[in-house]
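> Questions regarding the structure given below will be posed in turn.
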Amino acid sequence: MAQRTTGTMPRRVALRGAGAMAAGAVLGAGRAAAETGDAPPPWMTEQGGLVAPYGSPSAHERDVIRRVTTARKLPSIVSIKTPLQDLTGIITPNGLHHARCHAGVPAIDPERHRLLVHGLVERPVSFGMDDLVRFPSVSRLHFLECSGNTSLYKDSEIKPGLTVQDTHGQVSCAEWTGVRLADVLAEAGVKKQAQWVLAEGADAAAMTRSVPIAKALDDAILAYAQNGERLRPENGYPLRLLLPGYEGNANVKWLRRLKLGATPFQTREETARYTGLLADGTALQFNFVMEVKSVITFPSPGRGPKQPGFWEISGLAWSGNGRIARVEVSTDGGASWRDAALQEPVLAKCLTRFRLPWTWDGGPALLQSRATDATGEVQPTRTRLIAARGANFYYHYNGITTWRVASGGAVTLAA
Ligand SMILES: Nc1nc2c(c(=O)[nH]1)N[C@H]1C(S)=C(S)[C@@H](COP(=O)(O)O)O[C@H]1N2
Ligand SMILES: [Mo]
């Protein structure tokens with residue numbers, strides 16, 4: 001019904017709506033149309049759709065989705081990556097948070113879920129969810145990154161078809177709410193000899209990791225909520241360990257047991273997996289902190305500049321050591337650098353959004369970002385990182401990423 005009007009809305013159009021409200025809205029659309037001289041768009045001429053009790057994105061955003069990679073034979077063993085190229089700010093919407101599940105998502109009944117605290121404690125305690133939510137709550141914004149994110153040590157991994165979702169999509173950021181692990185441990189009474197805490201998940205993988213007592217008593221959270229609502233099933237519902245800045249794997253989901261001990265427990269995940277194989281054949285264990293890192297999310301593969309002129313380069317920086325202090329951006333492959341603006345808030349162990357105005361001349365460019373954290377650590381070049389760690393290293397890749405912009409605007413991974 002695209003009817004052109006001058007001044008007043010024709011009566012038959014105004015009366016098409018059911019009832020006075022509808023007629024009023026149509027009349028309003030007619031007035032707006034009269035001022036611009038255009039016919040009102042179809043969505044101004046009738047009542048809109050209904051609102052679902054639990055909302056979901058616009059149908060036009062249907063391509064903004066996680067990418068599921070099933071590395072092995074079982075479809076339940078998955079890496080689900082966040083579409084960083086489509087997100088703004090620093091918060092990852094819950095439906096787009098990355099997820100790594102070693103044995104699928106357990107269907108846990110929160111009424112029956114319990115957390116046992118035992119080992120080197122004065123009094124072993126078993127908590128239900130109702131008991132845990134009675135502790136004083138804490139809410140903090142933190143990134144969560146899988147230590148396997150961006151593993152580009154080998155030249156054969158530098159494939160031009162990869163997007164930033166493929167290379168960096170195993171980092172996300174949420175406001176986590178829960179209780180301080182220190183408060184829960186105090187309830188059980190930590191014995192002096194206790195130096196490590198074993199955390200065990202209630203999934204079929206029974207994921208277990210040893211956490212140093214200092215971390216447990218510092219900023220560790222037993223999280224039950226994520227961005228204001230209860231955890232999503234794939235992110236640990238109803239309870240997960242959140243160790244700010246530590247590699248994803250140690251953030252045990254579906255947490256059911258904490259055992260205090262004098263030494264690390266040497267579980268499969270910290271002996272056979274999640275170690276760093278060095279050039280001399282020895283392995284680095286308990287390499288927890290995710291080092292300073294950044295990546296440009298626009299422009300990035302599939303999201304190139306469409307025509308020469310002004311574009312804002314934008315991306316994300318983070319460090320498991322604390323706040324981001326500085327992000328520099330290069331458009332000439334590292335020959336020259338400019339300081340990017342850091343979007344507030346800039347929080348410790350949290351994603352930080354950076355932005356830099358750029359006038360693209362339409363020619364080839366090599367885009368890089370280099371982050372520095374508050375401890376003075378600077379993100380290394382890929383060459384320096386490989387030289388320092390050797391070719392056998394797999395986890396904790398934080399090298400500078402290079403996007404190649406071709407004349408015409410196509411963007412590909414260059415290094
Ligand atoms: N119980 C349990 N906890 C787990 C896992 C798991 O498979 N089972 N995966 C780990 C890995 S490898 C990572 S990277 C993080 C990912 O957390 P997310 O799925 O909420 O993004 O959870 C960790 N905690
Ligand atoms: Mo992971």
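In the structure tokens, each chain is lettered A, B, ... as it comes, each chain's residues begin at 1, and ligands are numbered from 1 in order of appearance.
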Counting only C-alpha atoms, which residues in region 221-316 of chain A sit no more than 9 Å from region 105-111 of chain A? For each one, give the nearest pair of atoms and the distance in Å, sorted by chain then residue number, as a tab-separated table.


residue	atom	partner	partner_atom	distance
A:Pro233	CA	A:Val105	CA	6.6
A:Glu234	CA	A:Val105	CA	5.5
A:Asn235	CA	A:Val105	CA	8.6
A:Gly236	CA	A:Val105	CA	8.2
A:Tyr237	CA	A:Ile108	CA	7.3
A:Pro238	CA	A:Pro110	CA	6.0
A:Leu239	CA	A:Pro110	CA	8.9
A:Trp254	CA	A:Pro106	CA	8.0

> Just N, CA and C atoms for this one: save the residues we selected as a PDB file, in the first residue's frame.


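Output file again.pdb follows:
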ATOM      1  N   PRO A 233      23.547 -23.435  29.001  1.00  0.00           N
ATOM      2  CA  PRO A 233      23.956 -24.829  29.232  1.00  0.00           C
ATOM      3  C   PRO A 233      25.371 -25.120  28.730  1.00  0.00           C
ATOM      4  N   GLU A 234      25.701 -24.623  27.525  1.00  0.00           N
ATOM      5  CA  GLU A 234      27.016 -24.944  26.964  1.00  0.00           C
ATOM      6  C   GLU A 234      28.151 -24.195  27.650  1.00  0.00           C
ATOM      7  N   ASN A 235      27.823 -23.183  28.454  1.00  0.00           N
ATOM      8  CA  ASN A 235      28.868 -22.444  29.161  1.00  0.00           C
ATOM      9  C   ASN A 235      28.957 -22.830  30.640  1.00  0.00           C
ATOM     10  N   GLY A 236      28.254 -23.912  31.031  1.00  0.00           N
ATOM     11  CA  GLY A 236      28.484 -24.457  32.363  1.00  0.00           C
ATOM     12  C   GLY A 236      27.303 -24.534  33.310  1.00  0.00           C
ATOM     13  N   TYR A 237      26.089 -24.277  32.822  1.00  0.00           N
ATOM     14  CA  TYR A 237      24.905 -24.289  33.681  1.00  0.00           C
ATOM     15  C   TYR A 237      24.835 -25.533  34.546  1.00  0.00           C
ATOM     16  N   PRO A 238      24.599 -25.423  35.835  1.00  0.00           N
ATOM     17  CA  PRO A 238      24.244 -24.200  36.576  1.00  0.00           C
ATOM     18  C   PRO A 238      25.428 -23.516  37.276  1.00  0.00           C
ATOM     19  N   LEU A 239      26.649 -24.085  37.183  1.00  0.00           N
ATOM     20  CA  LEU A 239      27.762 -23.520  37.951  1.00  0.00           C
ATOM     21  C   LEU A 239      29.076 -23.801  37.245  1.00  0.00           C
ATOM     22  N   TRP A 254      30.199 -26.818  34.659  1.00  0.00           N
ATOM     23  CA  TRP A 254      29.347 -27.812  35.328  1.00  0.00           C
ATOM     24  C   TRP A 254      30.063 -28.312  36.587  1.00  0.00           C
TER      25      TRP A 254
END

> Could you list, as a PyMOL selection string, every residue within 8 Å of Tyr153 (chain A), counting only C-alpha atoms and ignoring same-chain residues fewer than 5 positions away?

chain A and resi 382+386+391+393-394+397

> Quick one: write out the picked residues with C-alpha atoms as an mmCIF file, in the first residue's frame?


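This went into part26.cif:
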data_model
loop_
_atom_site.group_PDB
_atom_site.id
_atom_site.type_symbol
_atom_site.label_atom_id
_atom_site.label_comp_id
_atom_site.auth_asym_id
_atom_site.auth_seq_id
_atom_site.Cartn_x
_atom_site.Cartn_y
_atom_site.Cartn_z
ATOM 1 C CA ARG A 382 54.644 -14.008 14.763
ATOM 2 C CA ILE A 386 57.899 -18.795 16.916
ATOM 3 C CA ALA A 391 57.827 -25.262 16.189
ATOM 4 C CA PHE A 393 54.315 -25.319 20.635
ATOM 5 C CA TYR A 394 50.562 -25.364 20.037
ATOM 6 C CA TYR A 397 49.480 -18.144 20.472
#

> Name the residues in contact with region 288-298 of chain A at a cut-off of 6 Å, using only C-alpha atoms, excluding same-chain residues fewer than 2 positions from it; report them as a PyMOL selection string.

chain A and resi 85+245-247+286+300+313-320+371+379+398

> Please identify all protein, DNA and RNA residues within 6 Å of ligand 1, counting only C-alpha atoms and all ligand atoms, and report them as a list of chain:residue names.

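So, counting only C-alpha atoms and all ligand atoms, the residues near ligand 1 are A:His98, A:Ala99, A:Arg100, A:Cys101, A:His102, A:Ala103, A:Cys146, A:Gly201, A:Ala202, A:Asp203, A:Ala206, A:Met207, A:Glu234, A:Asn235, A:Gly248, A:Asn249, A:Ala250, A:Asn251, A:Val252, A:Lys253, A:Trp254.
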
> Keeping only N, CA, C and O atoms, write those residues as a short mmCIF file (atom, residue, chain, number, x, y, z; two decimals), in the first residue's frame.


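As written to disk, part34.cif reads:
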data_model
loop_
_atom_site.label_atom_id
_atom_site.label_comp_id
_atom_site.auth_asym_id
_atom_site.auth_seq_id
_atom_site.Cartn_x
_atom_site.Cartn_y
_atom_site.Cartn_z
N HIS A 98 31.59 -18.17 22.72
CA HIS A 98 32.23 -19.39 22.23
C HIS A 98 32.01 -20.51 23.24
O HIS A 98 31.73 -20.26 24.42
N ALA A 99 32.11 -21.73 22.77
CA ALA A 99 31.94 -22.87 23.66
C ALA A 99 32.88 -23.98 23.22
O ALA A 99 33.07 -24.21 22.03
N ARG A 100 33.47 -24.62 24.18
CA ARG A 100 34.35 -25.77 23.91
C ARG A 100 33.87 -26.87 24.84
O ARG A 100 33.90 -26.71 26.06
N CYS A 101 33.39 -27.95 24.25
CA CYS A 101 32.83 -29.04 25.05
C CYS A 101 33.53 -30.34 24.67
O CYS A 101 33.48 -30.76 23.52
N HIS A 102 34.19 -30.94 25.65
CA HIS A 102 34.94 -32.17 25.40
C HIS A 102 34.05 -33.40 25.37
O HIS A 102 34.47 -34.46 24.91
N ALA A 103 32.84 -33.30 25.89
CA ALA A 103 31.93 -34.45 25.87
C ALA A 103 30.48 -33.98 25.80
O ALA A 103 29.60 -34.51 26.47
N CYS A 146 40.08 -19.78 24.96
CA CYS A 146 40.65 -21.12 24.87
C CYS A 146 42.12 -20.96 24.53
O CYS A 146 42.47 -20.16 23.67
N GLY A 201 34.43 -31.21 36.66
CA GLY A 201 33.15 -30.94 36.01
C GLY A 201 32.23 -32.14 36.03
O GLY A 201 32.69 -33.28 36.11
N ALA A 202 30.92 -31.88 35.90
CA ALA A 202 29.92 -32.96 35.95
C ALA A 202 29.50 -33.42 34.56
O ALA A 202 28.41 -33.93 34.37
N ASP A 203 30.39 -33.23 33.56
CA ASP A 203 30.09 -33.74 32.22
C ASP A 203 30.73 -35.12 32.07
O ASP A 203 31.46 -35.58 32.94
N ALA A 206 34.30 -35.42 32.64
CA ALA A 206 34.75 -35.19 34.03
C ALA A 206 36.01 -34.34 34.02
O ALA A 206 37.02 -34.69 34.64
N MET A 207 35.94 -33.23 33.28
CA MET A 207 37.09 -32.34 33.13
C MET A 207 37.67 -31.98 34.49
O MET A 207 36.95 -31.52 35.37
N GLU A 234 25.70 -24.62 27.53
CA GLU A 234 27.02 -24.94 26.96
C GLU A 234 28.15 -24.19 27.65
O GLU A 234 29.32 -24.51 27.44
N ASN A 235 27.82 -23.18 28.45
CA ASN A 235 28.87 -22.44 29.16
C ASN A 235 28.96 -22.83 30.64
O ASN A 235 29.63 -22.15 31.42
N GLY A 248 41.25 -20.98 28.99
CA GLY A 248 39.86 -21.45 29.04
C GLY A 248 39.69 -22.78 29.74
O GLY A 248 38.81 -22.96 30.58
N ASN A 249 40.57 -23.73 29.41
CA ASN A 249 40.41 -25.10 29.90
C ASN A 249 40.32 -25.20 31.42
O ASN A 249 39.61 -26.06 31.95
N ALA A 250 41.04 -24.32 32.13
CA ALA A 250 41.04 -24.39 33.60
C ALA A 250 39.73 -23.87 34.20
O ALA A 250 39.43 -24.09 35.38
N ASN A 251 38.91 -23.20 33.38
CA ASN A 251 37.63 -22.64 33.82
C ASN A 251 36.57 -23.74 33.76
O ASN A 251 35.70 -23.75 32.89
N VAL A 252 36.67 -24.67 34.68
CA VAL A 252 35.86 -25.90 34.62
C VAL A 252 34.36 -25.58 34.70
O VAL A 252 33.89 -24.87 35.59
N LYS A 253 33.64 -26.13 33.72
CA LYS A 253 32.19 -25.92 33.63
C LYS A 253 31.47 -27.04 34.37
O LYS A 253 32.03 -28.08 34.65
N TRP A 254 30.20 -26.82 34.66
CA TRP A 254 29.35 -27.81 35.33
C TRP A 254 30.06 -28.31 36.59
O TRP A 254 30.12 -29.51 36.88
#

> Skip region 185-190 of chain A itself and residues of its chain fewer than 3 positions away, then list as a ChimeraX atom specification all residues within 9 Å of it, counting only C-alpha atoms.

/A:117-118,120-125,180-182,193-194,216-217,260

> Keeping only all heavy atoms, write the selected residues as a compact mmCIF listing (two decimals), in the first residue's frame.


# COMPACT_ATOMS: atom_id res chain seq x y z
N VAL A 117 33.10 -29.74 48.48
CA VAL A 117 34.42 -29.18 48.80
C VAL A 117 35.04 -30.11 49.84
O VAL A 117 34.49 -30.28 50.93
CB VAL A 117 34.31 -27.74 49.34
CG1 VAL A 117 35.70 -27.17 49.63
CG2 VAL A 117 33.56 -26.85 48.35
N HIS A 118 36.17 -30.72 49.49
CA HIS A 118 36.76 -31.72 50.42
C HIS A 118 38.29 -31.74 50.26
O HIS A 118 38.87 -30.86 49.66
CB HIS A 118 36.10 -33.09 50.19
CG HIS A 118 36.42 -33.74 48.89
ND1 HIS A 118 36.61 -35.08 48.74
CD2 HIS A 118 36.62 -33.21 47.64
CE1 HIS A 118 36.89 -35.37 47.49
NE2 HIS A 118 36.89 -34.25 46.80
N LEU A 120 41.98 -31.30 51.83
CA LEU A 120 42.64 -30.65 52.96
C LEU A 120 41.81 -29.46 53.47
O LEU A 120 42.20 -28.30 53.34
CB LEU A 120 44.05 -30.19 52.56
CG LEU A 120 45.07 -31.32 52.28
CD1 LEU A 120 46.39 -30.74 51.80
CD2 LEU A 120 45.28 -32.17 53.55
N VAL A 121 40.65 -29.79 54.05
CA VAL A 121 39.77 -28.77 54.65
C VAL A 121 39.39 -29.21 56.06
O VAL A 121 39.47 -30.40 56.38
CB VAL A 121 38.48 -28.52 53.82
CG1 VAL A 121 38.81 -27.89 52.48
CG2 VAL A 121 37.69 -29.82 53.63
N GLU A 122 38.97 -28.25 56.86
CA GLU A 122 38.55 -28.58 58.24
C GLU A 122 37.26 -29.40 58.23
O GLU A 122 37.12 -30.35 58.99
CB GLU A 122 38.32 -27.28 59.05
CG GLU A 122 39.50 -26.32 59.10
CD GLU A 122 40.72 -26.88 59.82
OE1 GLU A 122 40.58 -27.89 60.56
OE2 GLU A 122 41.83 -26.35 59.61
N ARG A 123 36.31 -29.00 57.36
CA ARG A 123 35.01 -29.67 57.31
C ARG A 123 34.58 -29.83 55.85
O ARG A 123 34.28 -28.82 55.21
CB ARG A 123 33.90 -28.81 57.97
CG ARG A 123 34.25 -28.09 59.22
CD ARG A 123 33.31 -26.91 59.50
NE ARG A 123 33.71 -25.71 58.77
CZ ARG A 123 34.71 -24.92 59.13
NH1 ARG A 123 35.42 -25.18 60.20
NH2 ARG A 123 35.03 -23.85 58.42
N PRO A 124 34.55 -31.05 55.33
CA PRO A 124 34.02 -31.22 53.97
C PRO A 124 32.58 -30.69 53.91
O PRO A 124 31.81 -30.93 54.86
CB PRO A 124 34.06 -32.73 53.74
CG PRO A 124 35.01 -33.26 54.76
CD PRO A 124 34.93 -32.33 55.94
N VAL A 125 32.24 -29.97 52.85
CA VAL A 125 30.88 -29.42 52.72
C VAL A 125 30.34 -29.72 51.33
O VAL A 125 31.08 -29.67 50.35
CB VAL A 125 30.84 -27.88 52.89
CG1 VAL A 125 29.43 -27.41 53.22
CG2 VAL A 125 31.80 -27.38 53.95
N ARG A 180 32.48 -15.41 45.38
CA ARG A 180 33.94 -15.56 45.44
C ARG A 180 34.28 -16.97 45.90
O ARG A 180 33.74 -17.45 46.91
CB ARG A 180 34.53 -14.53 46.41
CG ARG A 180 34.92 -13.22 45.76
CD ARG A 180 35.47 -12.26 46.79
NE ARG A 180 34.39 -11.84 47.69
CZ ARG A 180 33.69 -10.73 47.51
NH1 ARG A 180 33.96 -9.92 46.52
NH2 ARG A 180 32.72 -10.44 48.35
N LEU A 181 35.19 -17.61 45.17
CA LEU A 181 35.63 -18.95 45.57
C LEU A 181 36.23 -18.89 46.97
O LEU A 181 36.03 -19.82 47.78
CB LEU A 181 36.64 -19.50 44.55
CG LEU A 181 37.27 -20.85 44.87
CD1 LEU A 181 36.22 -21.92 45.14
CD2 LEU A 181 38.18 -21.29 43.74
N ALA A 182 36.93 -17.80 47.29
CA ALA A 182 37.55 -17.64 48.61
C ALA A 182 36.51 -17.76 49.73
O ALA A 182 36.76 -18.39 50.76
CB ALA A 182 38.27 -16.30 48.70
N GLN A 193 48.33 -26.77 54.80
CA GLN A 193 49.13 -27.49 53.79
C GLN A 193 48.52 -27.40 52.38
O GLN A 193 49.16 -27.77 51.41
CB GLN A 193 49.27 -28.98 54.13
CG GLN A 193 49.57 -29.32 55.57
CD GLN A 193 48.27 -29.52 56.35
OE1 GLN A 193 47.60 -28.55 56.70
NE2 GLN A 193 47.90 -30.78 56.61
N ALA A 194 47.29 -26.95 52.27
CA ALA A 194 46.61 -26.94 50.97
C ALA A 194 47.26 -25.90 50.05
O ALA A 194 47.28 -24.71 50.37
CB ALA A 194 45.13 -26.63 51.16
N ALA A 216 42.93 -19.29 43.55
CA ALA A 216 41.61 -19.60 44.11
C ALA A 216 41.19 -18.55 45.14
O ALA A 216 40.02 -18.18 45.22
CB ALA A 216 41.63 -20.98 44.74
N LEU A 217 42.16 -18.06 45.91
CA LEU A 217 41.83 -17.09 46.97
C LEU A 217 41.88 -15.65 46.47
O LEU A 217 41.49 -14.72 47.17
CB LEU A 217 42.81 -17.26 48.15
CG LEU A 217 42.76 -18.63 48.84
CD1 LEU A 217 43.78 -18.69 49.98
CD2 LEU A 217 41.36 -18.95 49.36
N LEU A 260 40.98 -29.99 47.88
CA LEU A 260 42.21 -29.28 48.20
C LEU A 260 43.32 -30.27 48.48
O LEU A 260 43.10 -31.30 49.13
CB LEU A 260 41.98 -28.34 49.39
CG LEU A 260 41.17 -27.13 48.91
CD1 LEU A 260 39.72 -27.26 49.23
CD2 LEU A 260 41.76 -25.84 49.39

> Work out how far apart CA of His113 (chain A) and CA of Ile77 (chain A) are and give it in Å to one decimal.

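Those two atoms sit 22.6 Å apart.
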
> Determine the nearest neighbour of ligand 2 from the options A:Ala262, A:Gly228, A:Leu385, A:Ser79, counting only C-alpha atoms and all ligand atoms.

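Closest candidate: A:Ser79.
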
> Run DSSP on the backbone and give me the residues of region 83-275 of chain A it puts in helix (DSSP H, G or I), as number ranges by chain.

A: 84-86, 94-96, 129-132, 155-157, 164-168, 181-188, 213-218, 233-235, 248-250, 268-271

> Which value, in Å to one decimal, gives the distance between CA of Gly119 (chain A) and CA of Arg230 (chain A)?

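So the two atoms, CA of Gly119 (chain A) and CA of Arg230 (chain A), lie 29.0 Å apart.
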
> Pick out the closest residue to ligand 2 from this set: A:Asn149, A:Thr45, A:Thr36, A:Asn321. Count only C-alpha atoms and all ligand atoms.

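Among the listed residues, A:Asn149 lies closest to ligand 2.
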
> Ranking A:Leu198, A:Leu115, A:Ala335, A:Ala325 by minimum distance to Asp373 (chain A) and counting only C-alpha atoms, which one comes first?

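Smallest separation from Asp373 (chain A) among the options: A:Ala325.
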
> For Asn287 (chain A), work out the shell of residues within 10 Å, counting only C-alpha atoms and skipping chain neighbours fewer than 6 positions away, then give it as an NGL selection string.

:A and (147 or 246-247 or 270 or 274-276 or 395-396)

> Can you work out which one of A:Arg114, A:Lys81, A:Lys159, A:Lys154 has the shortest atom-to-atom distance to Ala387 (chain A), counting only C-alpha atoms?

A:Lys154

> Determine the nearest neighbour of ligand 2 from the options A:Glu157, A:Asp339, A:Glu312, A:Glu269, counting only C-alpha atoms and all ligand atoms.

A:Glu269

> What are the DSSP strand (DSSP E or B) residues of region 192-408 of chain A, as a ChimeraX atom specification?

/A:196-201,208-212,221-226,229-230,240-242,246,255-261,276-277,283-284,289,293-298,300,303,309-318,324-330,332,338-339,341-342,352-360,365-373,378,402-405

> Tell me which of A:Val51, A:Asp38, A:Arg72, A:Ile80 sits closest to ligand 2, counting only C-alpha atoms and all ligand atoms.

A:Ile80

> Near Pro380 (chain A), counting only C-alpha atoms, which residues have an atom at most 8 Å away, once you skip same-chain residues fewer than 6 positions from it, shown as a PyMOL selection string?

chain A and resi 370+398-400

> Would you write out those residues with all heavy atoms, as a short mmCIF file (atom, residue, chain, number, x, y, z; two decimals), in the first residue's frame?


data_model
loop_
_atom_site.label_atom_id
_atom_site.label_comp_id
_atom_site.auth_asym_id
_atom_site.auth_seq_id
_atom_site.Cartn_x
_atom_site.Cartn_y
_atom_site.Cartn_z
N ARG A 370 49.01 -4.07 17.64
CA ARG A 370 50.01 -4.52 18.62
C ARG A 370 49.61 -3.97 19.99
O ARG A 370 49.59 -2.75 20.19
CB ARG A 370 51.38 -3.99 18.20
CG ARG A 370 52.50 -4.29 19.19
CD ARG A 370 53.85 -3.97 18.61
NE ARG A 370 54.08 -2.52 18.49
CZ ARG A 370 55.14 -1.98 17.87
NH1 ARG A 370 56.03 -2.75 17.28
NH2 ARG A 370 55.28 -0.66 17.82
N ASN A 398 49.84 -15.76 20.74
CA ASN A 398 49.40 -14.36 20.86
C ASN A 398 50.14 -13.43 19.91
O ASN A 398 50.29 -12.24 20.15
CB ASN A 398 49.54 -13.86 22.32
CG ASN A 398 50.98 -13.76 22.77
OD1 ASN A 398 51.83 -14.54 22.33
ND2 ASN A 398 51.28 -12.79 23.63
N GLY A 399 50.63 -14.01 18.81
CA GLY A 399 51.38 -13.19 17.84
C GLY A 399 50.50 -12.15 17.14
O GLY A 399 49.27 -12.28 17.10
N ILE A 400 51.16 -11.14 16.61
CA ILE A 400 50.46 -10.09 15.83
C ILE A 400 49.88 -10.72 14.57
O ILE A 400 50.55 -11.49 13.89
CB ILE A 400 51.45 -8.96 15.48
CG1 ILE A 400 51.83 -8.18 16.75
CG2 ILE A 400 50.89 -8.03 14.40
CD1 ILE A 400 52.95 -7.17 16.55
#

> Mind checking which residues fall within 12 Å of Thr271 (chain A), counting only C-alpha atoms, ignoring those fewer than 3 positions away in the same chain, and posting them as a list in words?

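In the requested format, the answer is Thr208, Arg209, Ser210, Pro264, Phe265, Gln266, Thr267, Arg268, Tyr274, Thr275, Gly276, Leu277, Thr282, Ala283, Leu284, Gln285, Phe286 and Asn287 of chain A.
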
> Work out how far CA of Leu96 (chain A) is from CA of Gly128 (chain A), in Å to one decimal.

28.5 Å
